[in-house]
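Trainee: One structure coming up, written as structure tokens, with questions to follow.
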Amino acid sequence: MAIPSKLIGTQPQSDRRGEAEGAWSRSAAQPQGAPHESRARLDHAAKAAGIGFWYCDLPFDVLNWDEQVKEHFWLPPDADVTIATFFERIHPDDREPTRRAIDASLQAHSTYECDYRTVDPLTGAVRWIRARGGAVYDADGQPIRFDGVTVDITARKLDEERIARLLAREREQARLLKKVAEAALSIHSCNSLESMLRVVAEEGRTIIGANLALISLDTDENGSQAIVSMSASEPYRRWLLEPTPQYVKHFEQLVNESGRSLRLTRREIEADPAWQVSRDELAAGTVIRGWLSAPLVSRGGRNLGLIQLADKVDGDFTDTDEAILVQFAHIASVAIENVRLYAQVRDQDRRKDEFLAILAHELRNPLAPLRNGLEVMRLTDDGNGRLAQIQAMMDRQLSHMVRLIDDLLDISRISRNKMELRRARVLLSDVVNNTIETVHPLIENAGHDLTISLPSEPVYLYADITRLSQVLANLLSNSAKYTERNGQIWLTAVCEERNLMIKVRDTGIGIPAHAIKSVFDMFSQVDRTLERTTGGMGIGLALVKGLVEMHGGTVEAASPGQGQGSTFTVRLPYLDSGATAMKTSPELGCVSATNPERRILVVDDNRDSATSMALMLKLLGNDVSTASNGEEAVEIAEKFRPSIILMDLGMPLLNGYEATRRIRQQPWGRGMIILALTGWGQDTDRTRSREAGCDGHLVKPVNISDLEKLFPGDVGRSSLT
């Protein structure tokens with residue numbers, strides 16, 4: 001709102017000036033008394049405080065300012081001042097707000113207070129001024145005078161602006177640090193070096209607001225580096241296809257050698273001698289207008305590489321950008337080392353699995369002829385009791401070794417989530433019977449008394465009968481091993497509200513309190529003394545825990561202390577009592593009532609294994625031939641035309657997979673039963689044998705009873721399906 005026109009320029013200039021001069025003369029004619037002394041003190045205080053006084057009669061025209069006010073407005077002491085002068089010296093952006101403030105004060109009969117800037121017309125210098133005053137009104141309420149003071153508040157305004165800048169900078173730093181923290185989560189969630197570096201480049205460019213980001217990593221011990229990841233805004237994508245300018249390589253070298261960050265403006269870049277040398281090269285190439293880089297340094301202080309940013313979207317890179325990039329580079333360095341360590345662990349884990357598979361294969365190969373030899377001894381026993389005892393002893397030790405190998409592979413499968421359960425409705429009593437069949441020789445040999453207590457009504461579980469029997473067998477074997485001879489072992493099962501509770505309790509050596517929590521850990525053993533040689537490898541209970549949890553159950557251990565026995569409690573969900581009996585597993589096939597003569601080809605590069613298997617099968621009344629490699633197997637199969645082939649997989653010249661495929665391609669080989677009989681028992685091995693055309697997959701050494709179950713009475717491939 002403009003100042004009312006009636007308040008501007010309506011009183012004659014001479015009258016106003018005369019009144020003013022009269023006022024000043026009357027003031028000067030006053031006696032030298034108390035009022036004069038008081039005025040002098042006031043003037044001294046006002047001058048010391050930098051306060052200026054202004055007076056003006058209304059309507060506005062000539063303004064009466066003291067020297068201090070004139071100084072505030074960049075005027076000399078003898079300058080004449082009008083209302084036009086007042087507005088001319090105010091900053092253009094502040095004129096209208098000041099006009100509105102004066103008008104509002106006059107309209108509302110309120111105090112006038114306003115901050116504005118005055119500008120020196122010669123130099124453009126600026127002062128911040130605070131004006132405070134008000135109008136005097138006559139009896140009719142009309143304003144007749146407008147007086148007040150001015151104070152130079154430039155220093156305070158500059159302080160406020162500086163504080164505002166600092167606050168804005170802190171807010172910006174907090175915003176950037178928040179982005180860095182969010183980026184750190186994304187970076188550390190990556191599980192490969194390639195994906196992690198891609199995130200580092202993208203996040204670094206986004207956080208700082210650059211158009212281009214490059215990540216370089218050391219490629220050898222000599223410090224050579226290669227760009228491994230890049231991120232660019234749309235206009236800068238073409239830069240990624242251009243070679244790195246020599247002057248940029250020079251800057252990279254400076255950062256690598258110093259181990260410190262480097263920030264350059266375009267002026268600093270063009271002032272560098274390296275840029276001067278590269279000018280001809282840059283005529284048709286890339287010229288950057290800002291560069292910021294920080295080294296990637298390992299925990300041990302070794303240089304890992306660089307993170308580089310070019311051309312900030314808005315202005316030059318700042319010291320805040322540099323500090324943020326240094327922090328970001330530290331996070332990226334830690335992530336690079338972690339990803340590399342994780343890759344090493346994964347590689348070591350893969351090698352461990354490969355080692356276990358090879359170990360199992362190599363151990364099973366000599367076990368196979370041993371198993372076959374035992375069967376031959378059993379089939380040719382002439383009634384001599386000693387031979388039966390030796391055969392039983394060898395069978396127990398062989399079975400123990402087979403279980404150890406199987407446990408090793410099973411625990412590896414569980415740790416990699418590769419174990420698959422073949423679940424069906426099974427009776428608890430069937431699980432227990434299978435378990436007792438396995439562990440009875442061990443318990444009997446130790447002279448223990450085993451007491452079994454099961455619910456009177458049938459209890460059904462949705463479980464893999466083989467794996468659940470393995471759980472109970474491991475628990476009972478554990479009790480048998482760690483209980484002195486002639487001890488007591490109890491196996492009890494009770495139905496709770498929702499779970500079946502199975503307890504295995506013994507009078508053995510017990511478990512110390514400190515070992516209770518770790519008893520299910522891998523390779524954990526309670527008693528490692530040399531005197532106790534019946535302990536295993538420390539994986540049996542870890543396997544129990546893994547298998548129970550895969551069935552949706554829990555297992556826990558308890559013991560009053562050393563020498564006071566232990567109790568293992570397994571809880572598993574059970575099914576309604578109306579469930580039907582378990583169906584026969586497809587792997588067991590059909591057991592023939594009779595044992596007709598079969599034509600069987602045994603293929604194995606281990607001659608002892610092939611010979612002993614052939615001898616055992618011949619004693620069972622079969623016509624048997626052997627082959628020692630894949631090529632020989634194909635040739636003999638075409639001539640011999642066996643009804644069943646037992647095919648080893650890892651063989652020279654031609655492996656078992658390819659030999660199976662070649663046989664299946666022939667019309668005469670499509671109806672044959674081909675069973676893989678091998679030391680390779682990984683899930684991938686089973687898949688490969690099935691894809692090659694094998695009807696089953698058996699792992700060495702195999703029991704003759706298990707093998708016969710896969711031999712149908714009416715020989716032919718269709719009888720297995």
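For the structure tokens, the naming scheme is as follows: chains receive sequential letters (A, B, ...) according to their order of presentation, residues are indexed from 1 within each chain, and ligands are indexed from 1 in presentation order.
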Mind checking which residues fall within 8 Å of Ala557 in chain A, counting only C-alpha atoms, ignoring those fewer than 2 positions away in the same chain, and posting them as a ChimeraX atom specification?

Mentor: /A:516,519,555,559,566-569

Trainee: Output C-alpha atoms of each residue in that selection to a file, as a compact mmCIF listing (two decimals), in the first residue's frame.

Mentor:
```txt
# COMPACT_ATOMS: atom_id res chain seq x y z
CA ILE A 516 25.45 -78.50 26.92
CA VAL A 519 26.96 -80.38 22.09
CA VAL A 555 16.08 -81.53 19.92
CA SER A 559 22.54 -83.94 31.96
CA SER A 566 22.45 -87.77 29.73
CA THR A 567 19.03 -87.35 28.13
CA PHE A 568 18.29 -86.27 24.57
CA THR A 569 14.71 -85.14 23.87
```

Trainee: Contacts of Val297 in chain A at 8 Å or less, counting only C-alpha atoms, minus same-chain residues fewer than 5 places along, as a list in words?

Mentor: Arg302, Asn303, Leu304, Gly305, His330 and Ser333 of chain A

Trainee: So how many Å separate CA of Asp103 in chain A and CA of Ala135 in chain A, to one decimal?

Mentor: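 Value for the CA of Asp103 in chain A-CA of Ala135 in chain A distance: 10.7 Å.
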
Trainee: Could you give me, as a PyMOL selection string, the residues within 7 Å of range 636-647 of chain A, counting only C-alpha atoms and dropping anything in the same chain fewer than 3 positions from it?

Mentor: chain A and resi 598-604+632-633+656+672-677+715-716

Trainee: Given only C-alpha atoms, how would the per-residue table for range 161-258 of chain A near range 312-322 of chain A read, listing every residue at most 8 Å away with its closest atom pair and distance in Å to one decimal, sorted by chain and number, as JSON lines?

Mentor:
```
{"residue": "A:Gln173", "atom": "CA", "partner": "A:Thr320", "partner_atom": "CA", "distance": 7.1}
{"residue": "A:Ile208", "atom": "CA", "partner": "A:Asp321", "partner_atom": "CA", "distance": 6.1}
{"residue": "A:Gly209", "atom": "CA", "partner": "A:Val313", "partner_atom": "CA", "distance": 5.8}
{"residue": "A:Ala210", "atom": "CA", "partner": "A:Lys312", "partner_atom": "CA", "distance": 4.1}
{"residue": "A:Asn211", "atom": "CA", "partner": "A:Lys312", "partner_atom": "CA", "distance": 6.0}
```

Trainee: If you run DSSP on the backbone here, which positions in range 431-490 of chain A get strand (DSSP E or B)? Please write them as a list of chain:residue names.

Mentor: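 Filtering range 431-490 of chain A down to strand (DSSP E or B) leaves A:Asp449, A:Leu450, A:Thr451, A:Ile452, A:Ser453, A:Tyr460, A:Leu461, A:Tyr462, A:Ala463, A:Gln488, A:Ile489, A:Trp490.
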
Trainee: Quick check, in Å to one decimal: how far apart do CA of Ala558 in chain A and CA of Asp506 in chain A lie?

Mentor: 11.1 Å

Trainee: For the alpha helix (DSSP H) assignment from backbone DSSP, which residues of range 445-665 of chain A qualify? Please present them as a PyMOL selection string.

Mentor: chain A and resi 445+465-481+540-550+607-619+630-640+656-665

Trainee: For Leu707 in chain A, please output as an MDAnalysis selection string all residues within 10 Å (counting only C-alpha atoms; exclusion window: fewer than 2 positions along the same chain).

Mentor: chainID A and resid 588 646 675 677 698 702:705 709:711

Trainee: Dump N, CA, C and O atoms for the selected residues as a PDB file, in the first residue's frame?

Mentor:
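Done, and the output landed in out-v3.pdb:
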```pdb
ATOM      1  N   LEU A 588      12.573 -98.917  -3.288  1.00  0.00           N
ATOM      2  CA  LEU A 588      12.718-100.299  -2.860  1.00  0.00           C
ATOM      3  C   LEU A 588      12.253-101.272  -3.922  1.00  0.00           C
ATOM      4  O   LEU A 588      12.584-102.453  -3.876  1.00  0.00           O
ATOM      5  N   LEU A 646      24.998-103.183 -14.098  1.00  0.00           N
ATOM      6  CA  LEU A 646      25.459-102.404 -12.949  1.00  0.00           C
ATOM      7  C   LEU A 646      26.613-101.540 -13.447  1.00  0.00           C
ATOM      8  O   LEU A 646      27.701-102.039 -13.720  1.00  0.00           O
ATOM      9  N   LEU A 675      21.526 -99.797 -13.730  1.00  0.00           N
ATOM     10  CA  LEU A 675      21.621 -99.219 -12.389  1.00  0.00           C
ATOM     11  C   LEU A 675      23.021 -98.650 -12.191  1.00  0.00           C
ATOM     12  O   LEU A 675      24.011 -99.360 -12.383  1.00  0.00           O
ATOM     13  N   LEU A 677      26.058 -97.918 -10.160  1.00  0.00           N
ATOM     14  CA  LEU A 677      26.658 -98.452  -8.936  1.00  0.00           C
ATOM     15  C   LEU A 677      28.031 -97.801  -8.813  1.00  0.00           C
ATOM     16  O   LEU A 677      28.972 -98.175  -9.508  1.00  0.00           O
ATOM     17  N   LEU A 698      22.772 -96.449  -7.039  1.00  0.00           N
ATOM     18  CA  LEU A 698      23.228 -97.079  -5.804  1.00  0.00           C
ATOM     19  C   LEU A 698      24.646 -96.611  -5.498  1.00  0.00           C
ATOM     20  O   LEU A 698      25.458 -96.433  -6.406  1.00  0.00           O
ATOM     21  N   VAL A 702      27.233-101.604  -1.513  1.00  0.00           N
ATOM     22  CA  VAL A 702      25.803-101.854  -1.465  1.00  0.00           C
ATOM     23  C   VAL A 702      25.550-103.222  -0.844  1.00  0.00           C
ATOM     24  O   VAL A 702      26.294-104.180  -1.085  1.00  0.00           O
ATOM     25  N   ASN A 703      24.516-103.303  -0.006  1.00  0.00           N
ATOM     26  CA  ASN A 703      24.107-104.591   0.554  1.00  0.00           C
ATOM     27  C   ASN A 703      23.440-105.422  -0.529  1.00  0.00           C
ATOM     28  O   ASN A 703      22.673-104.907  -1.345  1.00  0.00           O
ATOM     29  N   ILE A 704      23.685-106.711  -0.510  1.00  0.00           N
ATOM     30  CA  ILE A 704      23.085-107.581  -1.527  1.00  0.00           C
ATOM     31  C   ILE A 704      21.560-107.565  -1.435  1.00  0.00           C
ATOM     32  O   ILE A 704      20.857-107.638  -2.442  1.00  0.00           O
ATOM     33  N   SER A 705      21.027-107.388  -0.188  1.00  0.00           N
ATOM     34  CA  SER A 705      19.572-107.348  -0.037  1.00  0.00           C
ATOM     35  C   SER A 705      18.987-106.116  -0.708  1.00  0.00           C
ATOM     36  O   SER A 705      17.937-106.172  -1.355  1.00  0.00           O
ATOM     37  N   LYS A 709      16.483-106.062  -4.145  1.00  0.00           N
ATOM     38  CA  LYS A 709      15.170-105.411  -4.159  1.00  0.00           C
ATOM     39  C   LYS A 709      14.937-104.631  -5.446  1.00  0.00           C
ATOM     40  O   LYS A 709      13.802-104.344  -5.805  1.00  0.00           O
ATOM     41  N   LEU A 710      16.019-104.255  -6.099  1.00  0.00           N
ATOM     42  CA  LEU A 710      15.881-103.545  -7.365  1.00  0.00           C
ATOM     43  C   LEU A 710      15.888-104.498  -8.558  1.00  0.00           C
ATOM     44  O   LEU A 710      15.801-104.055  -9.697  1.00  0.00           O
ATOM     45  N   PHE A 711      16.033-105.795  -8.300  1.00  0.00           N
ATOM     46  CA  PHE A 711      15.967-106.787  -9.369  1.00  0.00           C
ATOM     47  C   PHE A 711      14.558-107.355  -9.417  1.00  0.00           C
ATOM     48  O   PHE A 711      14.181-108.160  -8.556  1.00  0.00           O
TER      49      PHE A 711
END
```

Trainee: If we count only C-alpha atoms and set the cut-off at 9 Å, which residues sit around Pro560 in chain A, ignoring sequence neighbours fewer than 6 positions away in its own chain? Please answer as a PyMOL selection string.

Mentor: chain A and resi 510-513+566

Trainee: Go through A:Ile51, A:Val494, A:Leu306, A:Leu63 one by one, measure the shortest atom-to-atom distance of each to Leu254 in chain A using only C-alpha atoms, and give the residue with the smallest value.

Mentor: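 With only C-alpha atoms as the atom set, the closest residue is A:Leu306.
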
Trainee: Tell me, as a list in words, which residues lie within 10 Å of Arg498 in chain A, counting only C-alpha atoms; anything in the same chain fewer than 5 positions away does not count.

Mentor: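 Contacts, with the query itself left out: Arg571, Leu572, Pro573, Tyr574 and Leu575 of chain A.
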
Trainee: Print the selection's residues with C-alpha atoms to a file, as a PDB file, in the first residue's frame.

Mentor:
```pdb
ATOM      1  CA  ARG A 571       9.911 -83.361  19.671  1.00  0.00           C
ATOM      2  CA  LEU A 572       8.191 -83.920  16.337  1.00  0.00           C
ATOM      3  CA  PRO A 573       4.703 -83.092  15.058  1.00  0.00           C
ATOM      4  CA  TYR A 574       2.565 -86.231  14.589  1.00  0.00           C
ATOM      5  CA  LEU A 575      -0.459 -86.992  12.417  1.00  0.00           C
TER       6      LEU A 575
END
```
